[in-house]
$ cat coords15.cif   # mmCIF, C-alpha atoms
data_model
loop_
_atom_site.label_atom_id
_atom_site.label_comp_id
_atom_site.auth_asym_id
_atom_site.auth_seq_id
_atom_site.Cartn_x
_atom_site.Cartn_y
_atom_site.Cartn_z
CA MET A 11 -23.09 -17.37 -15.48
CA ASP A 12 -20.23 -19.57 -16.75
CA ASN A 13 -17.95 -21.38 -14.31
CA SER A 14 -14.88 -19.22 -15.01
CA LYS A 15 -16.78 -16.01 -14.28
CA ALA A 16 -18.29 -17.50 -11.12
CA THR A 17 -14.80 -18.48 -9.96
CA ALA A 18 -13.50 -14.95 -10.59
CA ILE A 19 -16.39 -13.44 -8.62
CA LYS A 20 -15.80 -15.75 -5.65
CA LEU A 21 -12.06 -15.13 -5.76
CA GLY A 22 -12.73 -11.40 -5.95
CA LEU A 23 -15.08 -11.58 -2.97
CA TYR A 24 -12.69 -13.59 -0.83
CA SER A 25 -9.70 -11.43 -1.77
CA SER A 26 -11.60 -8.19 -1.03
CA ILE A 27 -12.56 -9.50 2.42
CA ALA A 28 -9.02 -10.73 3.08
CA LEU A 29 -7.55 -7.44 1.86
CA THR A 30 -9.87 -5.47 4.16
CA ILE A 31 -8.87 -7.51 7.21
CA LEU A 32 -5.14 -7.56 6.36
CA THR A 33 -5.05 -3.81 5.73
CA ILE A 34 -6.79 -3.00 9.01
CA VAL A 35 -4.50 -5.32 11.01
CA THR A 36 -1.36 -4.09 9.20
CA PHE A 37 -2.46 -0.49 9.77
CA GLY A 38 -2.85 -1.20 13.49
CA PHE A 39 0.65 -2.70 13.81
CA ALA A 40 2.16 0.12 11.73
CA MET A 41 0.63 2.73 14.04
CA ILE A 42 2.33 1.29 17.13
CA ALA A 43 5.71 1.39 15.33
CA ILE A 44 6.23 5.08 16.11
CA PRO A 45 9.44 6.21 14.38
CA PRO A 46 12.20 6.95 16.95
CA SER A 47 13.61 9.54 14.54
CA GLY A 48 12.50 12.37 12.28
CA PRO A 49 9.66 14.91 12.69
CA ASN A 50 7.25 12.58 14.54
CA CYS A 51 9.75 11.30 17.09
CA PRO A 52 8.22 11.62 20.59
CA GLY A 53 11.56 11.66 22.41
CA ASN A 54 14.93 9.90 22.78
CA CYS A 55 15.30 10.27 19.03
CA MET A 56 17.77 8.24 17.01
CA ASP A 57 20.06 10.02 14.56
CA TYR A 58 22.57 9.00 11.93
CA PRO A 59 24.14 6.40 11.82
CA PHE A 60 21.07 4.83 13.52
CA SER A 61 23.13 2.50 15.71
CA ASP A 62 20.24 1.70 18.08
CA ILE A 63 18.13 -0.12 15.46
CA LEU A 64 18.10 -3.42 17.36
CA THR A 65 16.43 -1.69 20.33
CA TYR A 66 13.28 -1.53 18.22
CA TYR A 67 13.56 -5.01 16.74
CA PRO A 68 11.27 -6.90 16.20
CA ARG A 69 8.46 -4.52 17.28
CA ASP A 70 8.88 -2.10 14.38
CA TYR A 71 9.04 -4.93 11.82
CA TYR A 72 5.85 -6.90 12.52
CA TRP A 73 3.73 -4.72 10.22
CA MET A 74 6.04 -5.40 7.26
CA TYR A 75 5.45 -9.16 7.50
CA LEU A 76 1.71 -8.50 7.42
CA ALA A 77 2.10 -6.01 4.57
CA ILE A 78 3.59 -8.73 2.39
CA PHE A 79 0.45 -10.86 2.69
CA GLN A 80 -1.62 -7.73 2.17
CA LEU A 81 0.18 -7.08 -1.13
CA PHE A 82 -0.44 -10.66 -2.27
CA ALA A 83 -4.15 -10.17 -1.61
CA PHE A 84 -4.04 -6.83 -3.45
CA VAL A 85 -2.75 -8.49 -6.65
CA ILE A 86 -5.41 -11.21 -6.50
CA PHE A 87 -8.08 -8.56 -5.90
CA VAL A 88 -7.04 -6.42 -8.90
CA VAL A 89 -6.64 -9.39 -11.27
CA SER A 90 -10.11 -10.67 -10.31
CA LEU A 91 -11.65 -7.32 -11.25
CA HIS A 92 -9.65 -7.26 -14.48
CA TYR A 93 -11.07 -10.65 -15.44
CA LEU A 94 -14.63 -9.43 -14.80
CA ALA A 95 -14.24 -6.12 -16.65
CA SER A 96 -16.21 -5.72 -19.87
CA ASN A 97 -14.22 -5.80 -23.13
CA GLU A 98 -14.41 -2.04 -23.68
CA LYS A 99 -13.00 -1.45 -20.18
CA LYS A 100 -10.21 -4.04 -20.33
CA ILE A 101 -7.73 -1.29 -21.25
CA PHE A 102 -8.35 0.40 -17.88
CA SER A 103 -8.23 -2.83 -15.87
CA SER A 104 -5.05 -3.88 -17.72
CA LEU A 105 -3.39 -0.62 -16.73
CA SER A 106 -4.56 -1.18 -13.16
CA VAL A 107 -2.97 -4.65 -13.12
CA ALA A 108 0.26 -3.22 -14.57
CA PHE A 109 0.57 -0.50 -11.92
CA ALA A 110 -0.49 -2.92 -9.18
CA LEU A 111 2.37 -5.22 -10.18
CA ILE A 112 4.82 -2.29 -10.18
CA SER A 113 3.63 -1.19 -6.74
CA THR A 114 3.70 -4.71 -5.33
CA THR A 115 7.17 -5.49 -6.71
CA VAL A 116 8.65 -2.28 -5.30
CA LEU A 117 7.05 -2.68 -1.88
CA LEU A 118 7.74 -6.42 -1.55
CA ALA A 119 11.42 -5.85 -2.28
CA ASP A 120 11.50 -2.88 0.10
CA TYR A 121 9.91 -4.74 3.02
CA PHE A 122 11.72 -8.04 2.51
CA ILE A 123 15.12 -6.36 2.36
CA GLN A 124 14.26 -4.32 5.46
CA PHE A 125 13.55 -7.27 7.75
CA ALA A 126 15.80 -9.85 6.07
CA VAL A 127 18.94 -7.71 5.69
CA VAL A 128 19.03 -4.84 8.18
CA PRO A 129 18.59 -6.59 11.58
CA ILE A 130 20.99 -9.46 10.90
CA SER A 131 23.58 -7.07 9.46
CA MET A 132 23.41 -5.00 12.65
CA MET A 133 23.66 -8.14 14.82
CA LYS A 134 26.83 -9.19 13.00
CA GLY A 135 28.33 -5.69 13.13
CA GLU A 136 28.17 -5.28 9.35
CA THR A 137 27.14 -1.64 9.53
CA GLU A 138 28.94 -0.08 6.58
CA GLY A 139 26.35 1.65 4.37
CA ILE A 140 23.45 0.25 6.42
CA ALA A 141 22.19 3.73 7.34
CA LEU A 142 21.00 4.24 3.76
CA LEU A 143 18.73 1.17 4.03
CA VAL A 144 17.12 1.56 7.46
CA GLN A 145 13.47 2.60 7.79
CA TYR A 146 14.39 5.34 10.28
CA ASN A 147 16.40 7.31 7.73
CA GLY A 148 13.96 9.96 6.46
CA HIS A 149 15.84 10.36 3.17
CA GLY A 150 16.94 6.74 2.79
CA ILE A 151 16.12 4.06 0.25
CA PHE A 152 13.32 2.52 2.32
CA ILE A 153 11.28 5.74 2.45
CA ALA A 154 11.91 6.54 -1.23
CA LEU A 155 10.71 3.10 -2.35
CA GLU A 156 7.63 3.35 -0.14
CA GLU A 157 6.77 6.71 -1.72
CA LEU A 158 7.12 5.16 -5.18
CA GLY A 159 5.18 2.05 -4.18
CA TYR A 160 2.20 3.86 -2.72
CA ILE A 161 2.03 6.44 -5.50
CA THR A 162 1.85 3.63 -8.05
CA MET A 163 -0.73 1.84 -5.88
CA SER A 164 -2.95 4.94 -6.06
CA ILE A 165 -2.50 4.94 -9.86
CA ALA A 166 -3.59 1.28 -9.93
CA LEU A 167 -6.72 2.19 -7.96
CA PHE A 168 -7.34 5.15 -10.27
CA PHE A 169 -7.40 2.97 -13.39
CA LEU A 170 -9.61 0.44 -11.62
CA ALA A 171 -12.36 3.04 -11.14
CA PRO A 172 -13.64 3.13 -14.78
CA VAL A 173 -14.26 -0.63 -14.60
CA PHE A 174 -17.36 0.17 -12.55
CA SER A 175 -20.23 1.74 -14.42
CA SER A 176 -22.03 4.69 -12.83
CA THR A 177 -25.45 3.07 -13.14
CA ASN A 178 -26.24 2.91 -9.42
CA ARG A 179 -25.27 4.47 -6.10
CA LEU A 180 -22.93 1.63 -5.07
CA ASN A 181 -20.93 1.80 -8.30
CA LYS A 182 -20.72 5.59 -8.13
CA SER A 183 -19.40 5.36 -4.57
CA ILE A 184 -16.82 2.78 -5.60
CA ARG A 185 -15.63 4.96 -8.49
CA TRP A 186 -15.13 7.99 -6.26
CA VAL A 187 -13.31 5.99 -3.59
CA LEU A 188 -10.94 4.60 -6.24
CA PHE A 189 -10.41 7.93 -8.00
CA LEU A 190 -9.54 10.04 -4.95
CA PRO A 191 -6.28 8.48 -3.62
CA LEU A 192 -4.24 9.55 -6.66
CA PHE A 193 -5.46 13.15 -6.48
CA LEU A 194 -4.79 13.32 -2.73
CA ASN A 195 -1.32 11.82 -3.17
CA ILE A 196 -0.47 14.40 -5.83
CA LEU A 197 -1.86 17.20 -3.65
CA PHE A 198 0.15 16.24 -0.57
CA PHE A 199 3.30 15.50 -2.57
CA VAL A 200 3.17 19.02 -4.02
CA PHE A 201 2.37 20.48 -0.58
CA TYR A 202 5.27 18.76 1.20
CA SER A 203 7.65 19.46 -1.68
CA ILE A 204 6.82 23.17 -1.62
CA THR A 205 6.95 23.35 2.18
CA PHE A 206 10.06 21.25 2.83
CA GLY A 207 11.75 20.95 -0.57
CA ILE A 208 13.62 17.69 -1.08
CA ASP A 209 13.91 17.29 2.71
CA ARG A 210 10.37 15.88 3.04
CA ASN A 211 11.70 13.25 5.46
CA TYR A 212 8.99 10.58 5.91
CA ARG A 213 6.12 13.09 6.05
CA PHE A 214 4.75 12.30 2.60
CA GLU A 215 5.44 8.57 2.97
CA VAL A 216 3.28 8.36 6.10
CA THR A 217 0.56 10.47 4.47
CA SER A 218 0.57 8.37 1.28
CA ILE A 219 0.30 5.08 3.20
CA THR A 220 -2.57 6.48 5.27
CA ILE A 221 -4.45 7.70 2.20
CA ASP A 222 -4.02 4.47 0.24
CA TRP A 223 -4.87 2.16 3.13
CA LEU A 224 -7.94 4.07 4.31
CA PHE A 225 -9.38 4.28 0.80
CA LEU A 226 -8.39 0.67 0.08
CA ILE A 227 -10.30 -0.51 3.16
CA THR A 228 -13.35 1.50 2.11
CA ALA A 229 -13.13 0.33 -1.51
CA CYS A 230 -12.78 -3.33 -0.51
CA ILE A 231 -15.85 -3.15 1.73
CA LEU A 232 -17.92 -1.59 -1.06
CA ILE A 233 -16.58 -3.97 -3.70
CA SER A 234 -17.28 -7.00 -1.51
CA ILE A 235 -20.92 -5.84 -1.48
CA TYR A 236 -20.66 -5.51 -5.28
CA PHE A 237 -19.40 -9.10 -5.55
CA LYS A 238 -22.17 -10.39 -3.29
CA ARG A 239 -24.76 -8.78 -5.54
CA LEU A 240 -23.17 -10.44 -8.57
CA ILE A 241 -23.39 -13.83 -6.84
CA LYS A 242 -27.08 -13.29 -6.06
CA ASN A 243 -27.76 -12.39 -9.69
#
$ encode --input "coords15.cif" --output "structure tokens"
Amino acid sequence: MDNSKATAIKLGLYSSIALTILTIVTFGFAMIAIPPSGPNCPGNCMDYPFSDILTYYPRDYYWMYLAIFQLFAFVIFVVSLHYLASNEKKIFSSLSVAFALISTTVLLADYFIQFAVVPISMMKGETEGIALLVQYNGHGIFIALEELGYITMSIALFFLAPVFSSTNRLNKSIRWVLFLPLFLNILFFVFYSITFGIDRNYRFEVTSITIDWLFLITACILISIYFKRLIKN
């Protein structure tokens, strides 16, 4: 094994472990940030113009800070696998990198704007137009960008699947885990669109995040085993 390939394998292993941990921790913080608005609001719900945002700051923003580091690890993870892909499968891994970069760019901008712009604007009383940006607005920019970001993340995972040959049980499991998020995202997007029309609120966004993160955790665990086997060989 040449040095460059060995470096890619080690980087892939470390990034898959880091991505697993970061996704689990981010998921945990996101679950305690129960939206005080919309269909899942447990009570004392906040409505337009969402003037009580600061009541939930910084609790509801912690997970976004973690998500940024998670996205960095995701890019390193995908690029490592692209480097290790065989020549005939580079087209698939290249597409995976492309969609991973789209997803990461959209989500990084979405999260950074949310915690860098919204709270300070509210503190300074600069509230004009802010309702369109806040995470509690079920048909706002934040939710729309998250939907786009996690759909494209599932596409990135989909194109990563063919990189793994179906020669053994581990690789077959990895392929299925990477294939499924896109199909489930499409299924639930169609379901929510038919059921609620364009007023999906954040229903699909929450579902898409849950699908992508659960399958990403599973994929990273399996792929870390894959990397360990490569190191042993």
$ atom_distance --input "coords15.cif" --atom1 "CA of Pro191 in chain A" --atom2 "CA of Ala28 in chain A"
20.5 Å
$ closest_residue --input "coords15.cif" --among "A:Phe37, A:Tyr67, A:Tyr236, A:Phe201" --to "Ala126 in chain A" --atoms "only C-alpha atoms"
A:Tyr67
$ residues_near_point --input "coords15.cif" --point "(-2.9, 3.5, -3.5)" --cutoff "8 Å" --atoms "all atoms listed in the file" --output "list of chain:residue names"
A:Tyr160, A:Ile161, A:Thr162, A:Met163, A:Ser164, A:Ile165, A:Ala166, A:Leu167, A:Pro191, A:Leu192, A:Ser218, A:Ile219, A:Ile221, A:Asp222, A:Trp223, A:Phe225, A:Leu226
$ resolve_selection --input "coords15.cif" --expression "the PyMOL selection byres ((chain A and resi 148) around 7)" --output "PDB file with C-alpha atoms, in the frame of the given file"
ATOM      1  CA  GLY A  48      12.500  12.370  12.280  1.00  0.00           C
ATOM      2  CA  TYR A 146      14.390   5.340  10.280  1.00  0.00           C
ATOM      3  CA  ASN A 147      16.400   7.310   7.730  1.00  0.00           C
ATOM      4  CA  HIS A 149      15.840  10.360   3.170  1.00  0.00           C
ATOM      5  CA  GLY A 150      16.940   6.740   2.790  1.00  0.00           C
ATOM      6  CA  ILE A 153      11.280   5.740   2.450  1.00  0.00           C
ATOM      7  CA  ASN A 211      11.700  13.250   5.460  1.00  0.00           C
ATOM      8  CA  TYR A 212       8.990  10.580   5.910  1.00  0.00           C
TER       9      TYR A 212
END
$ residues_around --input "coords15.cif" --residues "Gly139 in chain A" --least-positions-apart "4" --cutoff "10 Å" --atoms "only C-alpha atoms" --output "list in words"
Pro59, Leu143 and Val144 of chain A
$ atom_distance --input "coords15.cif" --atom1 "CA of Val173 in chain A" --atom2 "CA of Leu158 in chain A"
24.1 Å
$ resolve_selection --input "coords15.cif" --expression "the PyMOL selection byres ((chain A and resi 76) around 9)" --output "mmCIF file with C-alpha atoms, in the frame of the given file"
data_model
loop_
_atom_site.group_PDB
_atom_site.id
_atom_site.type_symbol
_atom_site.label_atom_id
_atom_site.label_comp_id
_atom_site.auth_asym_id
_atom_site.auth_seq_id
_atom_site.Cartn_x
_atom_site.Cartn_y
_atom_site.Cartn_z
ATOM 1 C CA LEU A 32 -5.140 -7.560 6.360
ATOM 2 C CA THR A 33 -5.050 -3.810 5.730
ATOM 3 C CA VAL A 35 -4.500 -5.320 11.010
ATOM 4 C CA THR A 36 -1.360 -4.090 9.200
ATOM 5 C CA PHE A 39 0.650 -2.700 13.810
ATOM 6 C CA TYR A 72 5.850 -6.900 12.520
ATOM 7 C CA TRP A 73 3.730 -4.720 10.220
ATOM 8 C CA MET A 74 6.040 -5.400 7.260
ATOM 9 C CA TYR A 75 5.450 -9.160 7.500
ATOM 10 C CA ALA A 77 2.100 -6.010 4.570
ATOM 11 C CA ILE A 78 3.590 -8.730 2.390
ATOM 12 C CA PHE A 79 0.450 -10.860 2.690
ATOM 13 C CA GLN A 80 -1.620 -7.730 2.170
ATOM 14 C CA LEU A 81 0.180 -7.080 -1.130
#
$ atom_distance --input "coords15.cif" --atom1 "CA of Ile227 in chain A" --atom2 "CA of Thr177 in chain A"
22.5 Å
$ residues_near_point --input "coords15.cif" --point "(-10.7, 2.7, -7.6)" --cutoff "8 Å" --atoms "all atoms listed in the file" --output "list of chain:residue names"
A:Ala166, A:Leu167, A:Phe168, A:Phe169, A:Leu170, A:Ala171, A:Pro172, A:Ile184, A:Arg185, A:Trp186, A:Val187, A:Leu188, A:Phe189, A:Leu190, A:Ala229
$ axis_aligned_box --input "coords15.cif" --around "range 98-104 of chain A" --padding-each-side "3 Å" --output "AutoDock Vina command-line options"
--center_x -9.7 --center_y -1.8 --center_z -19.8 --size_x 15.4 --size_y 10.4 --size_z 13.8
$ resolve_selection --input "coords15.cif" --expression "the PyMOL selection byres ((chain A and resi 213) around 12)" --output "PDB file with C-alpha atoms, in the frame of the given file"
ATOM      1  CA  PRO A  45       9.440   6.210  14.380  1.00  0.00           C
ATOM      2  CA  SER A  47      13.610   9.540  14.540  1.00  0.00           C
ATOM      3  CA  GLY A  48      12.500  12.370  12.280  1.00  0.00           C
ATOM      4  CA  PRO A  49       9.660  14.910  12.690  1.00  0.00           C
ATOM      5  CA  ASN A  50       7.250  12.580  14.540  1.00  0.00           C
ATOM      6  CA  CYS A  51       9.750  11.300  17.090  1.00  0.00           C
ATOM      7  CA  ASN A 147      16.400   7.310   7.730  1.00  0.00           C
ATOM      8  CA  GLY A 148      13.960   9.960   6.460  1.00  0.00           C
ATOM      9  CA  HIS A 149      15.840  10.360   3.170  1.00  0.00           C
ATOM     10  CA  ILE A 153      11.280   5.740   2.450  1.00  0.00           C
ATOM     11  CA  ALA A 154      11.910   6.540  -1.230  1.00  0.00           C
ATOM     12  CA  GLU A 156       7.630   3.350  -0.140  1.00  0.00           C
ATOM     13  CA  GLU A 157       6.770   6.710  -1.720  1.00  0.00           C
ATOM     14  CA  ASN A 195      -1.320  11.820  -3.170  1.00  0.00           C
ATOM     15  CA  PHE A 198       0.150  16.240  -0.570  1.00  0.00           C
ATOM     16  CA  PHE A 199       3.300  15.500  -2.570  1.00  0.00           C
ATOM     17  CA  PHE A 201       2.370  20.480  -0.580  1.00  0.00           C
ATOM     18  CA  TYR A 202       5.270  18.760   1.200  1.00  0.00           C
ATOM     19  CA  SER A 203       7.650  19.460  -1.680  1.00  0.00           C
ATOM     20  CA  THR A 205       6.950  23.350   2.180  1.00  0.00           C
ATOM     21  CA  PHE A 206      10.060  21.250   2.830  1.00  0.00           C
ATOM     22  CA  GLY A 207      11.750  20.950  -0.570  1.00  0.00           C
ATOM     23  CA  ILE A 208      13.620  17.690  -1.080  1.00  0.00           C
ATOM     24  CA  ASP A 209      13.910  17.290   2.710  1.00  0.00           C
ATOM     25  CA  ARG A 210      10.370  15.880   3.040  1.00  0.00           C
ATOM     26  CA  ASN A 211      11.700  13.250   5.460  1.00  0.00           C
ATOM     27  CA  TYR A 212       8.990  10.580   5.910  1.00  0.00           C
ATOM     28  CA  PHE A 214       4.750  12.300   2.600  1.00  0.00           C
ATOM     29  CA  GLU A 215       5.440   8.570   2.970  1.00  0.00           C
ATOM     30  CA  VAL A 216       3.280   8.360   6.100  1.00  0.00           C
ATOM     31  CA  THR A 217       0.560  10.470   4.470  1.00  0.00           C
ATOM     32  CA  SER A 218       0.570   8.370   1.280  1.00  0.00           C
ATOM     33  CA  ILE A 219       0.300   5.080   3.200  1.00  0.00           C
ATOM     34  CA  THR A 220      -2.570   6.480   5.270  1.00  0.00           C
TER      35      THR A 220
END
$ closest_residue --input "coords15.cif" --among "A:Pro129, A:Gly159, A:Gly22, A:Gly135" --to "Phe87 in chain A" --atoms "all atoms listed in the file"
A:Gly22
$ closest_residue --input "coords15.cif" --among "A:Leu29, A:Ile86, A:Ile42, A:Leu118" --to "Thr228 in chain A" --atoms "all atoms listed in the file"
A:Leu29
$ closest_residue --input "coords15.cif" --among "A:Ala110, A:Leu155, A:Met132, A:Ile44" --to "Tyr71 in chain A" --atoms "only C-alpha atoms"
A:Ile44
$ closest_residue --input "coords15.cif" --among "A:Asn243, A:Pro68, A:Ile101, A:Ser90" --to "Phe125 in chain A" --atoms "all atoms listed in the file"
A:Pro68
